[in-house]
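Novice: Sharing target23.csv (CSV, C-alpha atoms and all ligand atoms) below.
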```csv
chain,number,residue,atom,x,y,z
J,276,MET,CA,49.2,-84.4,10.3
J,277,LYS,CA,51.8,-81.6,10.3
J,278,ARG,CA,48.9,-79.2,10.2
J,279,ILE,CA,47.3,-80.7,13.3
J,280,ILE,CA,50.7,-80.5,15.2
J,281,PHE,CA,51.0,-76.9,14.1
J,282,ILE,CA,47.5,-76.1,15.4
J,283,LEU,CA,48.2,-77.9,18.7
J,284,LYS,CA,51.5,-75.9,19.1
J,285,LEU,CA,49.7,-72.7,18.4
J,286,SER,CA,46.9,-73.4,20.9
J,287,THR,CA,49.5,-74.3,23.6
J,288,ALA,CA,51.4,-71.1,22.9
J,289,THR,CA,48.2,-69.0,23.1
J,290,LEU,CA,47.2,-70.7,26.3
J,291,LEU,CA,50.7,-70.1,27.9
J,292,ALA,CA,50.5,-66.4,26.8
J,293,ALA,CA,47.1,-66.1,28.4
J,294,CYS,CA,48.4,-67.7,31.6
J,295,GLN,CA,51.3,-65.2,31.7
J,296,ASN,CA,49.0,-62.3,31.3
J,297,THR,CA,46.7,-63.4,34.1
J,298,GLU,CA,49.6,-64.6,36.3
J,299,LYS,CA,51.1,-61.1,36.8
J,300,PRO,CA,48.3,-59.4,38.6
J,301,VAL,CA,47.6,-62.5,40.8
J,302,HIS,CA,51.3,-62.6,41.8
J,303,SER,CA,51.3,-58.9,42.7
J,304,THR,CA,48.1,-59.3,44.7
J,305,ILE,CA,49.7,-62.1,46.8
J,306,GLN,CA,52.8,-59.9,47.3
J,307,LYS,CA,50.6,-57.0,48.4
J,308,ASN,CA,48.7,-59.1,50.9
J,309,GLN,CA,51.8,-60.6,52.3
J,310,THR,CA,53.3,-57.1,52.6
J,311,MET,CA,50.2,-55.7,54.2
J,312,SER,CA,50.4,-58.0,57.2
J,313,ASN,CA,53.7,-56.5,58.2
J,314,PHE,CA,52.4,-53.0,58.7
J,315,THR,CA,50.4,-51.4,61.5
J,316,VAL,CA,48.0,-49.6,59.1
J,317,ASN,CA,46.1,-52.3,57.3
J,318,LYS,CA,43.2,-51.6,55.0
J,319,THR,CA,41.6,-53.6,52.3
J,320,GLU,CA,42.1,-52.6,48.8
J,321,GLU,CA,38.5,-51.4,48.6
J,322,GLU,CA,39.1,-49.2,51.6
J,323,TRP,CA,42.3,-47.7,50.1
J,324,LYS,CA,40.3,-47.0,46.9
J,325,LYS,CA,37.9,-44.9,48.9
J,326,THR,CA,40.5,-42.8,50.6
J,327,LEU,CA,43.0,-42.3,47.7
J,328,SER,CA,42.6,-40.7,44.4
J,329,GLU,CA,42.8,-43.0,41.4
J,330,GLU,CA,46.3,-41.8,40.6
J,331,GLN,CA,47.5,-42.2,44.2
J,332,TYR,CA,46.0,-45.6,44.4
J,333,HIS,CA,47.9,-46.7,41.3
J,334,ILE,CA,51.2,-45.5,42.7
J,335,LEU,CA,50.8,-46.4,46.3
J,336,ARG,CA,49.0,-49.7,46.1
J,337,GLU,CA,49.8,-50.9,42.6
J,338,LYS,CA,53.5,-49.8,42.7
J,339,GLY,CA,53.1,-47.5,39.8
J,340,THR,CA,55.4,-44.7,38.8
J,341,GLU,CA,54.4,-41.1,37.9
J,342,ARG,CA,55.9,-39.7,34.7
J,343,PRO,CA,59.1,-37.8,35.3
J,344,ASN,CA,59.0,-34.0,35.8
J,345,THR,CA,55.2,-34.1,36.4
J,346,GLY,CA,55.0,-34.4,40.2
J,347,LYS,CA,54.0,-31.4,42.3
J,348,TYR,CA,57.0,-31.9,44.7
J,349,ASN,CA,59.7,-32.4,42.1
J,350,MET,CA,60.8,-28.8,42.1
J,351,HIS,CA,59.4,-27.9,45.6
J,352,PHE,CA,61.9,-26.7,48.1
J,353,GLU,CA,59.8,-25.1,50.9
J,354,LYS,CA,60.8,-25.9,54.5
J,355,GLY,CA,58.7,-28.6,56.1
J,356,LYS,CA,58.1,-32.3,56.3
J,357,TYR,CA,56.8,-34.8,53.8
J,358,THR,CA,54.4,-37.4,55.0
J,359,CYS,CA,53.0,-40.5,53.4
J,360,ALA,CA,49.9,-39.5,51.3
J,361,ALA,CA,48.1,-42.7,52.4
J,362,CYS,CA,48.5,-42.7,56.2
J,363,GLY,CA,50.2,-39.4,57.2
J,364,TYR,CA,53.4,-41.0,58.6
J,365,GLU,CA,56.3,-38.5,58.6
J,366,LEU,CA,58.9,-39.7,56.2
J,367,PHE,CA,61.2,-37.0,55.0
J,368,ASP,CA,62.4,-33.5,56.1
J,369,SER,CA,62.9,-30.8,53.5
J,370,ASP,CA,66.5,-30.4,54.8
J,371,ASN,CA,67.2,-33.8,53.1
J,372,LYS,CA,65.7,-32.9,49.8
J,373,PHE,CA,67.9,-32.0,46.8
J,374,GLU,CA,67.6,-31.5,43.1
J,375,SER,CA,68.8,-34.7,41.5
J,376,HIS,CA,67.7,-33.7,37.9
J,377,CYS,CA,66.1,-37.2,37.6
J,378,GLY,CA,62.5,-35.9,37.4
J,379,TRP,CA,61.3,-37.1,40.8
J,380,PRO,CA,61.5,-35.6,44.3
J,381,SER,CA,64.8,-36.8,45.8
J,382,PHE,CA,66.0,-37.1,49.3
J,383,ASP,CA,69.4,-38.1,50.8
J,384,ASN,CA,67.9,-39.5,54.0
J,385,GLU,CA,64.7,-40.4,55.8
J,386,ILE,CA,63.5,-38.7,59.0
J,387,GLY,CA,64.2,-41.7,61.3
J,388,ASN,CA,65.6,-45.2,60.9
J,389,GLY,CA,62.9,-47.7,60.2
J,390,ARG,CA,60.3,-45.3,59.0
J,391,ILE,CA,60.8,-46.5,55.5
J,392,LYS,CA,61.0,-50.2,54.6
J,393,LYS,CA,63.2,-51.6,51.9
J,394,GLN,CA,62.7,-54.6,49.8
J,395,THR,CA,64.2,-56.0,46.6
J,396,ASP,CA,62.1,-55.3,43.5
J,397,TYR,CA,62.9,-57.5,40.5
J,398,SER,CA,60.5,-55.9,38.0
J,399,LEU,CA,61.8,-54.4,34.7
J,400,GLY,CA,64.3,-57.3,34.6
J,401,MET,CA,66.7,-55.8,37.2
J,402,ALA,CA,67.2,-55.8,40.9
J,403,ARG,CA,66.3,-52.5,42.5
J,404,THR,CA,65.5,-51.5,46.1
J,405,GLU,CA,61.9,-50.5,46.5
J,406,ILE,CA,61.0,-48.1,49.4
J,407,LEU,CA,57.7,-48.4,51.2
J,408,CYS,CA,56.0,-46.4,54.0
J,409,GLY,CA,56.9,-48.2,57.2
J,410,LYS,CA,53.4,-47.8,58.6
J,411,CYS,CA,51.0,-48.7,55.8
J,412,GLY,CA,53.3,-50.3,53.2
J,413,GLY,CA,52.5,-47.7,50.5
J,414,HIS,CA,54.9,-47.8,47.6
J,415,LEU,CA,57.1,-44.6,47.6
J,416,GLY,CA,59.7,-45.3,44.9
J,417,HIS,CA,63.2,-46.7,45.0
J,418,ILE,CA,66.5,-45.9,46.7
J,419,PHE,CA,69.8,-45.8,44.9
J,420,ASP,CA,73.4,-45.4,46.1
J,421,ASP,CA,74.4,-42.7,43.7
J,422,GLY,CA,73.5,-39.7,45.8
J,423,PRO,CA,75.8,-36.7,45.5
J,424,THR,CA,75.7,-35.8,49.2
J,425,LYS,CA,77.5,-37.2,52.3
J,426,THR,CA,75.0,-40.1,52.7
J,427,GLY,CA,75.6,-41.3,49.2
J,428,LEU,CA,71.9,-42.1,49.0
J,429,ARG,CA,69.1,-41.0,46.6
J,430,TYR,CA,65.6,-41.8,47.7
J,431,CYS,CA,63.7,-41.3,44.5
J,432,VAL,CA,60.1,-40.8,45.4
J,433,ASN,CA,56.8,-40.2,43.6
J,434,SER,CA,55.1,-36.9,44.4
J,435,LEU,CA,51.8,-38.7,44.5
J,436,SER,CA,53.0,-40.8,47.4
J,437,LEU,CA,53.7,-37.7,49.5
J,438,GLU,CA,51.9,-34.9,51.2
J,439,PHE,CA,53.8,-31.7,52.3
J,440,LYS,CA,53.4,-30.1,55.7
J,441,SER,CA,54.9,-26.6,55.7
J,442,ALA,CA,57.1,-25.6,58.7
J,443,ASN,CA,55.0,-22.4,58.9
J,444,ASP,CA,51.9,-24.5,59.3
J,445,THR,CA,53.4,-26.6,62.1
J,446,LEU,CA,54.2,-23.4,64.1
J,447,LYS,CA,50.6,-22.3,64.1
A,501,FE,FE,51.8,-44.8,54.9
```
Hey, can you dump this file as structure tokens for me?
Ligand code: FE
Specialist:
Amino acid sequence: MKRIIFILKLSTATLLAACQNTEKPVHSTIQKNQTMSNFTVNKTEEEWKKTLSEEQYHILREKGTERPNTGKYNMHFEKGKYTCAACGYELFDSDNKFESHCGWPSFDNEIGNGRIKKQTDYSLGMARTEILCGKCGGHLGHIFDDGPTKTGLRYCVNSLSLEFKSANDTLK
């Protein structure tokens, strides 16, 4: 009898573990779809897959994070503007970029109020503020209030979420 109870308990535990594994992506898909409807640029995930590289898709649409000190804009300090890599919306000016030594491109402000949306992110067992492109909902990174400049803000952004437009190019 004890053996049967043990087997039953084991089966239940396995089933629950399986549910937890499948629950996560379903939950994030629902969140993504709910988020998408709030943005003016709306594409299906299939459409995004066609326009973004695999790495960009993972960061922008699946809320991934690039490894620190690997992004092409981490130590990039040319004059210009940074746009959303998914939809081209202007998000940051190089004047607001600073070296935070955290391994990701950091800004102390966004170009204009409302260009970047904020929402609470409870992943990793803590509450953080996620930042998203205000036009397409692409995941950019997170914002923290430990910035060293006057604004006190640190927008910590994945390079893969950004494209750079040089000030020299804009003058042409
Ligand atoms: Fe965008």
Novice: Give the answer as one residue: which of J:Glu438, J:Glu322, J:Glu330, J:Glu405 has the shortest atom-to-atom distance to ligand FE 501 (chain A), using only C-alpha atoms and all ligand atoms?
Specialist: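 So, comparing all the options, the nearest one is J:Glu438.
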Novice: Record the distance separating atom CA of J:Trp379 and atom CA of J:Val432, expressed in Å with one decimal.
Specialist: 6.0 Å
Novice: Hey, which residues come within 10 Å of ligand FE 501 (chain A) if we count only C-alpha atoms and all ligand atoms? Could you give them as a PyMOL selection string?
Specialist: chain J and resi 314-317+335+358-366+390-391+407-415+436-437
Novice: List every protein, DNA or RNA residue with an atom no more than 12 Å from (67.6, -30.2, 37.7) in the file's coordinates, counting all atoms listed in the file, and format the result as a ChimeraX atom specification.
Specialist: /J:343-344,349-351,373-381
Novice: Of the candidates J:Glu337, J:Asn388, J:Lys372, J:Ala402, which one gets nearest to J:Thr424 if we count only C-alpha atoms?
Specialist: J:Lys372
Novice: Could you jot down the atom CA of J:Ser328 to atom CA of J:Ile406 separation for me, Å, one decimal place?
Specialist: 20.5 Å
